[in-house]
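What follows is one structure encoded as structure tokens, with my remarks underneath.
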Amino acid sequence: MILREPFGSLFFCSYIHSMNYKNVLKGYYDTDNKVKAIDLITNRPYFIEDRPDMKQRVERAINFGQYVGVYQRGTRNGFEFINEESYGILDALKKEQSKEVKPAKMINKPDDFIISDLKWKYLTRCINKGKNLMFVGPAGTGKTQIVFKAAERLDKQIFYFNLGSTQDVRSALIGNTYFKDGTYFEESAFVTAIKTPNSVVLLDEISRANPEAWNILMPVLDVNIRKLRLDEKENSPVIDVASGVSFISTANIGFEYTAARMLDRALVDRFSVIEMDILNKEQEMKLLNIKYPNLDPKVNEALCDISFRIRMECERENSKLSSPIPTRMLLEAAEMSIDGFDIEETAELIIYPQYSDEGGTDSERIYIRQLVQKYVQKGDKEDLFTDNDFRALDNYDI
């Protein structure tokens, strides 16, 4: 059957309504060479595994370059083969029976933050659709900051809760009951946040939270529940999470974070989890240049090279160091340079204290001192560092 009337003509409209297709099936062979089908009206799989008759029809349609139209014929289904070149007539039917799915729009990234396009797109998509997302990664990599920037770009109201520093969990997440001239209940800021439509609720340092906080958050974060019981209030009313609210959490995960707890699997499953980007040397130099355009280029490269070599040492199997330099600390070092501190002074104040001095000459701090000394300019030396400097570094593998 080949219909050649122009799309949108009265003939086509009457044809579509007269046929009233329930499904239009497009067949294909999967990777195991099995016959499968997609309903082009709903754009969803059409399961034919337990229907030998339908398998036969779909396979015939594949071989002849056709689709299978399914329509109601009395109390049973009727079937018709439709040539592919005439399928344009079904566009109108698809518009009537299915919603148009628009691709996610890419929101411009902030100019002063470095994150991959893919992760930025996914973050803004989760916020726009009111979904839960967890950022994991080392401290100081910008997990919290990027959520604030995304909320700003999307013009969303953001509520911030540092779960790692919360002492009284119930009052912070539910509220307090007061007894003065009667009894009254005061809702927490968290309750206000989840009752605000299309808001962003940032749950910072969730890995450091009290397990009681996790128990309270479980039904709130469950996509099928999204409720919170105010059991501190009279009659323990239950409130619904408002439409469009997204919960974004951050977690420091690793053996070096001694105050962090092993996250409950059921809690983690309530989030989509993505890892925060760890910047390479070139990205760190670019970031410092963006944040501090007046920073001496040689100092920029020296700071980023120190960070790079520490990170490479941390990734070794038998590393002498327990943790890399956080991006937050690198930015502070750059700002100190602008304020007149040289590399040696900066390292003495903010880098060395981050590393243990236990173990004497084999300690982490001695190792860092030896590394930093290779970048300290002496006399009229033209370059801040050379390859020979690194080869001379005790116990350092190039």
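Order determines the names: the first chain of the structure tokens is A, the second B, and so forth; residues in each chain are numbered 1 upward, and ligands are numbered 1 upward as they are shown.
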
Quiz item: What are the DSSP strand (DSSP E or B) residues of stretch 148-394 of chain A, as a ChimeraX atom specification?
Solution: /A:158-162,175-179,183-187,200-204,227-229,238-240,246-251,272-275

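By only C-alpha atoms, and with residues fewer than 5 positions from A:Met134 along its chain excluded, the set lying at most 8 Å from it is Ile248, Ser249, Thr250, Ala251, Phe271, Ser272, Val273 and Ile274 of chain A.
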
Subject >> Close residues, A:Pro219 itself excluded, 12 Å, only C-alpha atoms, min 4 positions apart in chain, as an MDAnalysis selection string >> reply: chainID A and resid 213:215 223:229 238:241 266:267 270

Going by DSSP on the backbone, which bits of stretch 182-318 of chain A are alpha helix (DSSP H)? Write them as a ChimeraX atom specification, please.
/A:189-194,211-221,265-268,281-291,297-314

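Close contacts of A:Lys109, defined as residues with an atom at most 12 Å away when counting only C-alpha atoms, with chain neighbours fewer than 5 positions off set aside, comprise Ile114, Ile115, Ser116, Asp117, Leu118, Lys119, Trp120, Lys121, Tyr122, Leu123, Thr124, Ile146, Val147, Lys149, Ala150, Ala151, Glu152, Arg153 and Leu154 of chain A.
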
Would you mind listing what lies within 9 Å of A:Asp39 as a compact mmCIF listing (two decimals) with N, CA and C atoms, in the first residue's frame, with only C-alpha atoms counted and same-chain residues fewer than 5 positions away left out?
```
# COMPACT_ATOMS: atom_id res chain seq x y z
N ASN A 23 -0.92 0.67 17.16
CA ASN A 23 0.54 0.57 17.16
C ASN A 23 1.04 0.56 15.73
N VAL A 24 2.23 1.11 15.54
CA VAL A 24 2.94 0.97 14.27
C VAL A 24 4.31 0.43 14.61
N LEU A 25 4.60 -0.81 14.20
CA LEU A 25 5.79 -1.52 14.65
C LEU A 25 6.89 -1.49 13.60
N LYS A 26 8.06 -1.11 14.06
CA LYS A 26 9.26 -1.17 13.23
C LYS A 26 10.14 -2.28 13.77
N GLY A 27 10.45 -3.26 12.93
CA GLY A 27 11.24 -4.39 13.38
C GLY A 27 12.72 -4.20 13.15
N ARG A 44 8.44 3.24 22.14
CA ARG A 44 8.81 2.30 23.20
C ARG A 44 8.91 0.89 22.63
N PRO A 45 9.65 0.00 23.31
CA PRO A 45 9.73 -1.39 22.84
C PRO A 45 8.36 -2.05 22.83
N TYR A 46 8.13 -2.88 21.85
CA TYR A 46 6.90 -3.67 21.75
C TYR A 46 7.31 -5.13 21.87
```

Pick from A:Ile338, A:Val372, A:Leu230, A:Met329 nearest to A:Asn294, counting only C-alpha atoms
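With only C-alpha atoms as the atom set, the closest residue is A:Ile338.
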
- Query: Neighbours of A:Glu212 within 10 Å (only C-alpha atoms; same-chain residues fewer than 6 positions away dropped), as JSON, numbers by chain?
  - Reply: {"A": [168, 169, 170]}
